[in-house]
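As provided, my_file-v2.txt (compact mmCIF, C-alpha atoms) reads as follows.
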```txt
# COMPACT_ATOMS: atom_id res chain seq x y z
CA MET C 1 112.91 149.91 49.30
CA LEU C 2 110.72 149.72 52.38
CA ASP C 3 110.16 153.48 52.42
CA SER C 4 107.01 153.06 50.38
CA ILE C 5 105.53 150.78 53.08
CA PRO C 6 106.05 152.85 56.26
CA SER C 7 104.12 150.55 58.60
CA PHE C 8 106.31 147.62 57.56
CA ALA C 9 109.48 149.71 57.84
CA ARG C 10 108.38 150.84 61.31
CA LEU C 11 107.90 147.26 62.53
CA VAL C 12 111.30 146.26 61.11
CA ALA C 13 112.90 149.21 62.97
CA GLU C 14 111.20 148.22 66.24
CA LEU C 15 112.19 144.56 65.92
CA ALA C 16 115.77 145.54 65.10
CA LYS C 17 116.04 147.09 68.60
CA PHE C 18 116.31 143.61 70.10
CA PRO C 19 119.90 142.61 70.90
CA GLY C 20 121.31 140.31 68.23
CA VAL C 21 118.54 141.15 65.76
CA GLY C 22 119.79 143.01 62.68
CA LYS C 23 117.79 144.54 59.87
CA LYS C 24 117.77 141.29 57.85
CA THR C 25 116.46 139.19 60.73
CA ALA C 26 113.93 141.89 61.63
CA THR C 27 112.65 141.89 58.05
CA ARG C 28 112.33 138.11 58.12
CA LEU C 29 110.38 138.26 61.39
CA ALA C 30 108.08 140.98 60.02
CA PHE C 31 107.35 138.96 56.86
CA SER C 32 106.60 135.93 59.01
CA LEU C 33 104.12 137.96 61.04
CA LEU C 34 102.49 139.33 57.89
CA SER C 35 102.06 135.86 56.42
CA ARG C 36 100.39 134.52 59.56
CA PRO C 37 96.77 135.30 60.56
CA GLU C 38 96.05 138.69 62.09
CA SER C 39 95.05 136.93 65.33
CA ASP C 40 98.69 135.87 65.79
CA ALA C 41 99.81 139.48 65.55
CA GLU C 42 97.12 140.53 68.02
CA ALA C 43 98.15 137.81 70.48
CA LEU C 44 101.79 138.88 70.27
CA ALA C 45 100.98 142.58 70.66
CA GLY C 46 98.73 141.78 73.62
CA ALA C 47 101.45 139.74 75.32
CA ILE C 48 103.96 142.57 74.78
CA LEU C 49 101.63 145.19 76.26
CA GLU C 50 100.83 142.98 79.23
CA LEU C 51 104.49 142.48 80.09
CA HIS C 52 105.24 145.78 81.82
CA ARG C 53 101.69 146.14 83.14
CA LYS C 54 101.62 142.84 84.95
CA ILE C 55 105.22 142.16 85.88
CA GLY C 56 106.90 143.99 88.72
CA PHE C 57 109.62 143.12 91.18
CA CYS C 58 109.11 141.19 94.39
CA SER C 59 109.63 143.55 97.34
CA ILE C 60 111.50 140.82 99.25
CA CYS C 61 113.83 139.13 96.73
CA TYR C 62 113.58 141.50 93.71
CA HIS C 63 112.85 138.66 91.30
CA MET C 64 110.25 139.52 88.67
CA THR C 65 106.72 138.54 89.61
CA GLU C 66 103.06 139.21 88.95
CA ASN C 67 102.18 139.04 92.66
CA ASP C 68 104.13 140.70 95.44
CA PRO C 69 105.65 138.92 97.35
CA CYS C 70 106.59 136.35 94.69
CA PRO C 71 105.65 132.64 94.83
CA ILE C 72 109.19 131.67 95.86
CA CYS C 73 109.24 134.07 98.83
CA THR C 74 105.84 132.86 100.00
CA ASP C 75 106.51 129.12 99.47
CA PRO C 76 106.52 127.63 102.99
CA THR C 77 108.41 124.51 101.84
CA ARG C 78 111.53 126.48 101.00
CA ASP C 79 114.43 126.62 103.44
CA GLU C 80 114.67 130.16 104.86
CA ARG C 81 118.14 129.51 106.23
CA LEU C 82 119.62 129.31 102.72
CA LEU C 83 119.82 132.43 100.56
CA CYS C 84 121.15 132.40 97.00
CA VAL C 85 122.36 135.74 95.61
CA VAL C 86 122.15 136.18 91.83
CA GLU C 87 122.69 139.06 89.40
CA GLN C 88 119.51 138.81 87.33
CA PRO C 89 116.15 136.97 87.19
CA GLN C 90 117.63 134.94 84.30
CA ASP C 91 120.24 133.49 86.68
CA LEU C 92 117.57 132.59 89.25
CA LEU C 93 115.63 130.73 86.53
CA ALA C 94 118.78 128.81 85.53
CA ILE C 95 119.29 127.61 89.11
CA GLU C 96 115.60 126.71 89.44
CA ARG C 97 115.84 124.65 86.23
CA SER C 98 118.73 122.69 87.75
CA ARG C 99 116.43 121.63 90.65
CA SER C 100 119.45 121.76 92.95
CA PHE C 101 118.45 124.52 95.36
CA ARG C 102 115.50 124.66 97.75
CA GLY C 103 116.30 127.85 99.63
CA ARG C 104 115.28 131.40 98.80
CA TYR C 105 116.84 133.97 96.49
CA HIS C 106 118.02 137.55 96.40
CA VAL C 107 118.33 139.25 93.01
CA LEU C 108 120.90 142.08 92.99
CA GLN C 109 119.48 143.42 89.70
CA GLY C 110 122.95 143.93 88.25
CA VAL C 111 126.68 143.65 88.98
CA LEU C 112 129.28 146.11 90.21
CA SER C 113 130.73 147.67 87.09
CA PRO C 114 132.62 150.92 87.68
CA LEU C 115 133.24 151.39 83.95
CA ASP C 116 129.47 151.49 83.40
CA GLY C 117 129.01 153.73 86.45
CA ILE C 118 127.28 150.98 88.46
CA GLY C 119 128.31 151.11 92.11
CA PRO C 120 127.00 149.50 95.33
CA ASP C 121 124.16 152.04 95.64
CA ASP C 122 122.68 150.87 92.33
CA LEU C 123 122.29 147.27 93.48
CA ARG C 124 120.15 145.60 96.15
CA PHE C 125 122.87 145.24 98.82
CA ASP C 126 121.04 147.11 101.63
CA GLU C 127 117.98 144.95 101.05
CA LEU C 128 120.21 141.85 101.21
CA LEU C 129 121.74 142.90 104.54
CA ALA C 130 118.30 143.59 105.99
CA ARG C 131 117.27 140.01 105.14
CA LEU C 132 120.25 138.47 106.96
CA ASP C 133 118.66 139.25 110.32
CA GLY C 134 115.83 136.82 109.60
CA GLY C 135 117.61 133.56 110.45
CA VAL C 136 119.76 133.13 107.32
CA GLU C 137 122.60 130.68 108.00
CA GLU C 138 124.27 130.48 104.58
CA VAL C 139 124.50 132.83 101.62
CA LEU C 140 125.34 131.09 98.33
CA VAL C 141 126.80 133.65 95.94
CA ALA C 142 125.81 132.73 92.37
CA THR C 143 127.04 135.75 90.43
CA ASN C 144 128.50 135.01 87.03
CA PHE C 145 132.14 133.99 86.58
CA THR C 146 133.13 137.23 84.89
CA VAL C 147 135.37 140.04 86.13
CA GLU C 148 132.32 141.99 87.33
CA GLY C 149 130.64 138.89 88.78
CA ASP C 150 133.81 137.97 90.68
CA ALA C 151 134.17 141.50 92.08
CA THR C 152 130.52 141.52 93.13
CA ALA C 153 130.93 138.11 94.79
CA LEU C 154 133.86 139.41 96.87
CA TYR C 155 131.87 142.50 97.83
CA VAL C 156 128.87 140.40 98.92
CA ALA C 157 131.15 138.03 100.84
CA ASP C 158 132.65 140.90 102.86
CA LEU C 159 129.20 142.30 103.71
CA VAL C 160 127.77 138.94 104.70
CA ARG C 161 130.76 137.73 106.70
CA ALA C 162 130.68 140.97 108.70
CA LYS C 163 127.21 139.87 109.83
CA GLY C 164 128.63 136.53 110.98
CA VAL C 165 126.85 134.51 108.29
CA ARG C 166 128.53 131.72 106.28
CA VAL C 167 129.23 132.58 102.61
CA THR C 168 129.71 130.05 99.80
CA ARG C 169 130.08 130.35 96.04
CA LEU C 170 129.11 128.09 93.12
CA ALA C 171 131.87 125.60 92.22
CA HIS C 172 134.16 126.75 89.44
CA GLY C 173 135.36 123.99 87.10
CA ILE C 174 134.93 121.95 83.94
CA PRO C 175 131.32 121.81 82.68
CA THR C 176 129.57 118.51 81.93
CA GLY C 177 130.18 117.00 78.52
CA SER C 178 133.24 119.07 77.63
CA ASP C 179 136.69 118.12 76.37
CA LEU C 180 139.57 119.36 78.51
CA GLU C 181 141.39 120.14 75.27
CA PHE C 182 138.96 122.92 74.43
CA ILE C 183 138.46 124.46 77.88
CA ASP C 184 140.15 127.81 78.55
CA ASP C 185 143.33 127.81 80.68
CA THR C 186 141.88 129.73 83.63
CA THR C 187 139.06 127.22 84.06
CA VAL C 188 141.44 124.24 83.92
CA HIS C 189 143.76 126.02 86.37
CA ARG C 190 140.93 126.55 88.85
CA ALA C 191 139.64 123.00 88.35
CA VAL C 192 143.08 121.61 89.27
CA GLU C 193 143.42 123.94 92.25
CA ASN C 194 139.98 123.00 93.53
CA ARG C 195 140.30 119.26 92.85
CA ARG C 196 138.43 117.03 95.29
CA GLU C 197 138.74 113.51 96.75
CA LEU C 198 137.16 110.69 94.75
CA MET S 1 110.07 127.76 86.00
CA LEU S 2 108.16 130.42 84.10
CA ASP S 3 104.80 128.97 85.13
CA SER S 4 104.67 131.30 88.10
CA ILE S 5 104.92 134.33 85.77
CA PRO S 6 102.17 133.59 83.20
CA SER S 7 102.40 136.91 81.35
CA PHE S 8 106.12 136.36 80.77
CA ALA S 9 105.56 132.74 79.74
CA ARG S 10 102.83 133.86 77.34
CA LEU S 11 105.13 136.38 75.64
CA VAL S 12 107.88 133.75 75.34
CA ALA S 13 105.38 131.35 73.74
CA GLU S 14 104.22 134.02 71.26
CA LEU S 15 107.79 135.00 70.33
CA ALA S 16 108.74 131.34 69.87
CA LYS S 17 106.20 131.12 67.01
CA PHE S 18 108.61 133.03 64.77
CA PRO S 19 110.57 130.76 62.42
CA GLY S 20 114.08 130.16 63.72
CA VAL S 21 113.23 131.45 67.20
CA GLY S 22 113.40 128.75 69.88
CA LYS S 23 112.42 128.99 73.52
CA LYS S 24 115.87 130.20 74.58
CA THR S 25 115.97 133.02 72.05
CA ALA S 26 112.37 133.94 72.84
CA THR S 27 113.24 134.18 76.54
CA ARG S 28 116.23 136.39 75.74
CA LEU S 29 114.02 138.67 73.63
CA ALA S 30 111.38 138.86 76.37
CA PHE S 31 113.98 139.77 79.00
CA SER S 32 115.35 142.44 76.69
CA LEU S 33 111.89 143.91 76.32
CA LEU S 34 111.31 143.84 80.07
CA SER S 35 114.59 145.65 80.75
CA ARG S 36 113.80 148.44 78.30
CA PRO S 37 111.29 151.27 79.00
CA GLU S 38 107.60 150.47 78.69
CA SER S 39 107.40 152.97 75.80
CA ASP S 40 109.57 150.61 73.72
CA ALA S 41 107.14 147.76 74.32
CA GLU S 42 104.22 150.01 73.40
CA ALA S 43 105.91 151.12 70.18
CA LEU S 44 106.59 147.52 69.20
CA ALA S 45 103.05 146.39 70.00
CA GLY S 46 101.65 149.34 68.05
CA ALA S 47 103.77 148.51 65.01
CA ILE S 48 102.66 144.87 65.17
CA LEU S 49 98.97 145.78 65.37
CA GLU S 50 99.30 148.26 62.52
CA LEU S 51 100.85 145.69 60.21
CA HIS S 52 97.75 143.78 59.13
CA ARG S 53 95.50 146.82 59.44
CA LYS S 54 97.49 148.99 57.06
CA ILE S 55 99.11 146.55 54.67
CA GLY S 56 97.16 144.86 51.93
CA PHE S 57 98.00 143.58 48.47
CA CYS S 58 98.12 145.71 45.35
CA SER S 59 95.23 144.72 43.08
CA ILE S 60 97.49 144.98 40.02
CA CYS S 61 100.82 143.36 40.95
CA TYR S 62 99.95 141.68 44.31
CA HIS S 63 102.95 143.20 46.08
CA MET S 64 102.22 144.34 49.63
CA THR S 65 101.24 147.99 49.91
CA GLU S 66 99.47 150.55 52.10
CA ASN S 67 97.79 152.18 49.08
CA ASP S 68 96.11 150.33 46.24
CA PRO S 69 97.46 150.40 43.53
CA CYS S 70 100.99 150.34 44.91
CA PRO S 71 103.62 153.04 44.27
CA ILE S 72 105.44 150.84 41.75
CA CYS S 73 102.31 150.22 39.66
CA THR S 74 101.47 153.94 39.63
CA ASP S 75 105.02 155.16 38.96
CA PRO S 76 104.87 156.70 35.43
CA THR S 77 108.67 156.49 34.99
CA ARG S 78 108.64 152.68 35.02
CA ASP S 79 108.72 150.75 31.76
CA GLU S 80 105.34 149.07 31.24
CA ARG S 81 106.73 146.80 28.53
CA LEU S 82 108.89 144.91 31.05
CA LEU S 83 107.25 142.66 33.64
CA CYS S 84 109.21 140.79 36.30
CA VAL S 85 107.49 137.75 37.86
CA VAL S 86 108.54 136.89 41.44
CA GLU S 87 107.33 134.42 44.06
CA GLN S 88 107.07 136.73 47.07
CA PRO S 89 107.28 140.42 48.06
CA GLN S 90 110.71 139.61 49.58
CA ASP S 91 112.01 138.72 46.11
CA LEU S 92 110.66 141.95 44.64
CA LEU S 93 112.47 143.90 47.37
CA ALA S 94 115.73 142.06 46.59
CA ILE S 95 115.52 143.04 42.92
CA GLU S 96 114.64 146.63 43.83
CA ARG S 97 117.71 146.77 46.10
CA SER S 98 119.89 145.72 43.17
CA ARG S 99 118.69 148.81 41.21
CA SER S 100 118.91 146.76 38.04
CA PHE S 101 115.27 146.70 36.93
CA ARG S 102 113.04 149.61 35.98
CA GLY S 103 109.98 147.73 34.74
CA ARG S 104 106.96 146.56 36.71
CA TYR S 105 106.37 143.46 38.79
CA HIS S 106 103.94 140.62 39.27
CA VAL S 107 103.98 138.75 42.56
CA LEU S 108 102.70 135.16 42.26
CA GLN S 109 102.31 134.89 46.06
CA GLY S 110 103.88 131.44 46.14
CA VAL S 111 105.31 128.65 44.00
CA LEU S 112 103.85 125.53 42.49
CA SER S 113 104.37 122.83 45.08
CA PRO S 114 102.21 119.73 44.60
CA LEU S 115 103.56 118.15 47.80
CA ASP S 116 102.17 121.10 49.78
CA GLY S 117 98.95 121.02 47.77
CA ILE S 118 99.72 124.30 45.97
CA GLY S 119 98.61 124.19 42.35
CA PRO S 120 98.13 126.81 39.60
CA ASP S 121 94.76 127.93 41.02
CA ASP S 122 96.42 129.03 44.26
CA LEU S 123 98.79 131.46 42.52
CA ARG S 124 98.25 134.68 40.57
CA PHE S 125 98.59 133.19 37.05
CA ASP S 126 95.21 134.37 35.71
CA GLU S 127 95.98 137.90 36.88
CA LEU S 128 99.38 137.66 35.14
CA LEU S 129 97.82 136.60 31.85
CA ALA S 130 95.29 139.44 32.03
CA ARG S 131 98.16 141.93 32.34
CA LEU S 132 99.92 140.64 29.22
CA ASP S 133 97.30 142.30 26.98
CA GLY S 134 98.46 145.74 28.14
CA GLY S 135 101.52 146.11 25.93
CA VAL S 136 103.97 143.87 27.80
CA GLU S 137 106.88 142.89 25.53
CA GLU S 138 109.06 140.87 27.87
CA VAL S 139 108.38 138.81 30.99
CA LEU S 140 111.46 138.29 33.20
CA VAL S 141 110.88 135.23 35.38
CA ALA S 142 112.65 135.73 38.71
CA THR S 143 111.41 132.73 40.69
CA ASN S 144 113.97 131.13 43.00
CA PHE S 145 116.45 128.55 41.74
CA THR S 146 114.85 125.70 43.64
CA VAL S 147 112.95 122.68 42.34
CA GLU S 148 109.63 124.48 42.92
CA GLY S 149 110.93 127.76 41.52
CA ASP S 150 112.23 126.03 38.39
CA ALA S 151 108.91 124.24 37.84
CA THR S 152 106.99 127.49 38.31
CA ALA S 153 109.31 129.25 35.86
CA LEU S 154 108.61 126.63 33.19
CA TYR S 155 104.87 126.90 33.83
CA VAL S 156 104.97 130.71 33.52
CA ALA S 157 107.10 130.47 30.37
CA ASP S 158 104.53 128.20 28.66
CA LEU S 159 101.65 130.53 29.56
CA VAL S 160 103.47 133.67 28.45
CA ARG S 161 104.90 132.23 25.21
CA ALA S 162 101.39 131.10 24.23
CA LYS S 163 100.45 134.79 24.29
CA GLY S 164 103.32 135.59 21.93
CA VAL S 165 105.32 137.49 24.55
CA ARG S 166 109.08 137.06 25.03
CA VAL S 167 110.12 135.24 28.22
CA THR S 168 113.52 135.53 29.95
CA ARG S 169 114.90 134.23 33.23
CA LEU S 170 117.52 135.53 35.69
CA ALA S 171 121.04 134.31 34.84
CA HIS S 172 122.14 131.21 36.69
CA GLY S 173 125.82 131.10 37.67
CA ILE S 174 128.57 131.79 40.17
CA PRO S 175 127.72 134.58 42.64
CA THR S 176 130.03 137.56 43.19
CA GLY S 177 132.90 137.07 45.62
CA SER S 178 132.74 133.29 45.77
CA ASP S 179 135.42 130.61 45.36
CA LEU S 180 134.71 128.07 42.63
CA GLU S 181 136.06 125.45 45.03
CA PHE S 182 133.10 125.85 47.35
CA ILE S 183 130.29 126.23 44.83
CA ASP S 184 127.94 123.27 44.37
CA ASP S 185 128.39 121.09 41.27
CA THR S 186 125.06 121.97 39.63
CA THR S 187 125.83 125.68 39.72
CA VAL S 188 129.30 125.18 38.24
CA HIS S 189 127.82 122.89 35.59
CA ARG S 190 125.27 125.53 34.57
CA ALA S 191 127.88 128.29 34.65
CA VAL S 192 130.07 126.35 32.22
CA GLU S 193 127.10 125.53 29.99
CA ASN S 194 125.97 129.16 29.90
CA ARG S 195 129.47 130.65 29.50
CA ARG S 196 129.59 133.86 27.50
CA GLU S 197 132.06 135.71 25.24
CA LEU S 198 134.54 138.04 26.96
```
In structure tokens, how does this file's structure come out?
Amino acid sequence: MLDSIPSFARLVAELAKFPGVGKKTATRLAFSLLSRPESDAEALAGAILELHRKIGFCSICYHMTENDPCPICTDPTRDERLLCVVEQPQDLLAIERSRSFRGRYHVLQGVLSPLDGIGPDDLRFDELLARLDGGVEEVLVATNFTVEGDATALYVADLVRAKGVRVTRLAHGIPTGSDLEFIDDTTVHRAVENRREL
Amino acid sequence: MLDSIPSFARLVAELAKFPGVGKKTATRLAFSLLSRPESDAEALAGAILELHRKIGFCSICYHMTENDPCPICTDPTRDERLLCVVEQPQDLLAIERSRSFRGRYHVLQGVLSPLDGIGPDDLRFDELLARLDGGVEEVLVATNFTVEGDATALYVADLVRAKGVRVTRLAHGIPTGSDLEFIDDTTVHRAVENRREL
């Protein structure tokens, strides 16, 4: 039905490339854009074009940034002795939102995933090791609690310990606001194992 | 946290203007765009910019189109005696997908909604009446089955009947594949009222 309106069909096809966006949602988004002023469409297109042009990766921590090195790496109030290792910029942002960490970061830009052909050479391990010589006293591994994230955490721990630096990992347990009844067995198991004094 | 990456924050803000897209979804979309090749971003931006430039409204039926008059209005195989009145281009597309209608359309570009300040002068009623002189024998009102859609249908029916043209409306009833148990009372009530011979 959209064949007779190729420019609309093209936008729907482009929007449907987003993960989790099907043809129906893409059509709804395109209609929304068409019903709003042209200036809205221009602002969105401008922001999209600017994305790759302005954003690169920090040459120290590999977080995304407009200026290299990034504001976190150049912030003198941050503790250089603490280094938090994450998979992706998204994970770094989640920890920053929690306002619980005042050290620096290292973004691996992925996880070890042999099935997807991602090995140690594809991630930022060499760059991590090079940073350990600069007075780092603790590496907090904040990879996700998935099979790949766990494997990557063990790999990082081996590398870092070999350099004589302390390695820690985010606590594994029951999240805030949840009912024990509905938490998966592995999480409850680990929460019991890692119980602490009150 | 995104303040330090203004171009990313700007894209998230633009994406969050879509209906049903919150800040979290917008961030996910922006990250997806950043992780894909720049050519993808350029294609999307191009499609967005093209939208308003290429698409206008057909001066006969007020459906969206790249060429005026639109392909439906110029299609000689369509029955000129049948005219289907819809609220929006989306509704026209839904009827076209059903492959049940081979007449022409008239898009009102909205519904009567006094609470939103939308009265008869804001919709394409005059243009509809002008078309009735061209040999139209039946007007099928396909406004939505909402309070506003019902009111608009009654308004259209009065206008069209005054011109001596037959007016029909889409059947109201139980949709395909649904359990009576879960259908709202009004729909069941109307389905019983409008029962037909088997």
Would you pick out the contacts of Phe18 of chain S at 7 Å or less, using only C-alpha atoms, so that residues sharing its chain but fewer than 2 positions from it are not included, and give the list as a ChimeraX atom specification? /C:29,32 /S:15-16,20-21
With C-alpha atoms retained, export the selected residues as a JSON list (two decimals), in the coordinates of the input.
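The result, stored in part.json:
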```json
[["chain", "number", "residue", "atom", "x", "y", "z"],
["C", 29, "LEU", "CA", 110.38, 138.26, 61.39],
["C", 32, "SER", "CA", 106.60, 135.93, 59.01],
["S", 15, "LEU", "CA", 107.79, 135.00, 70.33],
["S", 16, "ALA", "CA", 108.74, 131.34, 69.87],
["S", 20, "GLY", "CA", 114.08, 130.16, 63.72],
["S", 21, "VAL", "CA", 113.23, 131.45, 67.20]]
```
Chain S proximity check over C:Ile174, C:Leu83, C:Ala41, C:Ala162, using all atoms listed in the file: winner is C:Ala41
For Phe31 of chain S, which residue out of S:Asp184, S:Phe8, S:Arg99, S:Asp126 is the nearest one, using only C-alpha atoms?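 Of S:Asp184, S:Phe8, S:Arg99, S:Asp126, the one nearest Phe31 of chain S, counting only C-alpha atoms, is S:Phe8.
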Can you check which residues of chain S have any atom within 9 Å of chain C? Use all atoms listed in the file and format it as an MDAnalysis selection string. chainID S and resid 1:2 4:8 10:12 14:15 17:19 27:34 37:38 40:55 64:67 70:71 89:90 93:94 96:97
Nearest residue to Ala157 of chain S from the set S:Lys23, S:His63, S:Arg169, S:Arg78 (distances using all atoms listed in the file):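 Residue with the minimum atom-to-atom distance to Ala157 of chain S: S:Arg169.
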Can you work out the spacing between atom CA of Gly22 of chain C and atom CA of Asp91 of chain S in Å, to one decimal? 18.8 Å
Provide the atom CA of Glu127 of chain S to atom CA of Thr77 of chain S distance in Å, to one decimal place.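 Between atom CA of Glu127 of chain S and atom CA of Thr77 of chain S the gap is 22.6 Å.
From atom CA of Pro114 of chain C back to atom CA of Arg166 of chain C, the distance works out to 27.0 Å.
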Quick one: residues within 12 Å of (128.3, 135.1, 88.7) (file frame), counting all atoms listed in the file, please, as a PyMOL selection string. chain C and resi 84-88+90-92+94-95+107-108+110-112+140-154+156+169-172
Hey, what's within 10 Å of Thr74 of chain S if we count all atoms listed in the file and toss same-chain stuff fewer than 6 positions away? As a PyMOL selection string, please? chain S and resi 60+68+104
Got a sec: who's within 8 Å of Gly135 of chain S, counting all atoms listed in the file, leaving out chain neighbours fewer than 3 positions off, as a list in words?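 Returned residues: Glu80, Arg81 and Leu132 of chain S.
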Please complete segment 67-80 of chain C with N, CA, C and O atoms and give it back as a CSV table (one decimal), in the frame of the given file.
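Saved to result_14.csv:
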```
chain,number,residue,atom,x,y,z
C,67,ASN,N,102.8,138.8,91.3
C,67,ASN,CA,102.2,139.0,92.7
C,67,ASN,C,103.3,139.3,93.6
C,67,ASN,O,104.3,138.7,93.6
C,68,ASP,N,103.1,140.3,94.5
C,68,ASP,CA,104.1,140.7,95.4
C,68,ASP,C,103.6,140.3,96.8
C,68,ASP,O,102.5,140.8,97.2
C,69,PRO,N,104.4,139.6,97.7
C,69,PRO,CA,105.6,138.9,97.4
C,69,PRO,C,105.5,137.8,96.4
C,69,PRO,O,104.4,137.2,96.2
C,70,CYS,N,106.6,137.4,95.8
C,70,CYS,CA,106.6,136.4,94.7
C,70,CYS,C,106.3,134.9,95.2
C,70,CYS,O,106.5,134.7,96.4
C,71,PRO,N,106.0,134.0,94.4
C,71,PRO,CA,105.6,132.6,94.8
C,71,PRO,C,106.8,132.0,95.6
C,71,PRO,O,106.6,131.1,96.4
C,72,ILE,N,108.1,132.3,95.2
C,72,ILE,CA,109.2,131.7,95.9
C,72,ILE,C,109.3,132.2,97.3
C,72,ILE,O,109.5,131.4,98.2
C,73,CYS,N,109.1,133.5,97.5
C,73,CYS,CA,109.2,134.1,98.8
C,73,CYS,C,108.1,133.6,99.8
C,73,CYS,O,108.3,133.6,101.0
C,74,THR,N,107.0,133.3,99.2
C,74,THR,CA,105.8,132.9,100.0
C,74,THR,C,105.7,131.3,100.1
C,74,THR,O,104.8,130.9,100.8
C,75,ASP,N,106.6,130.6,99.4
C,75,ASP,CA,106.5,129.1,99.5
C,75,ASP,C,107.0,128.6,100.8
C,75,ASP,O,108.2,128.7,101.1
C,76,PRO,N,106.1,128.0,101.6
C,76,PRO,CA,106.5,127.6,103.0
C,76,PRO,C,107.4,126.4,103.0
C,76,PRO,O,108.1,126.1,104.0
C,77,THR,N,107.6,125.7,101.9
C,77,THR,CA,108.4,124.5,101.8
C,77,THR,C,109.9,124.9,101.6
C,77,THR,O,110.7,124.0,101.6
C,78,ARG,N,110.1,126.1,101.3
C,78,ARG,CA,111.5,126.5,101.0
C,78,ARG,C,112.3,126.8,102.3
C,78,ARG,O,111.8,127.4,103.2
C,79,ASP,N,113.6,126.5,102.3
C,79,ASP,CA,114.4,126.6,103.4
C,79,ASP,C,114.9,128.1,103.6
C,79,ASP,O,115.6,128.6,102.8
C,80,GLU,N,114.4,128.7,104.7
C,80,GLU,CA,114.7,130.2,104.9
C,80,GLU,C,116.1,130.4,105.3
C,80,GLU,O,116.6,131.5,105.3
```
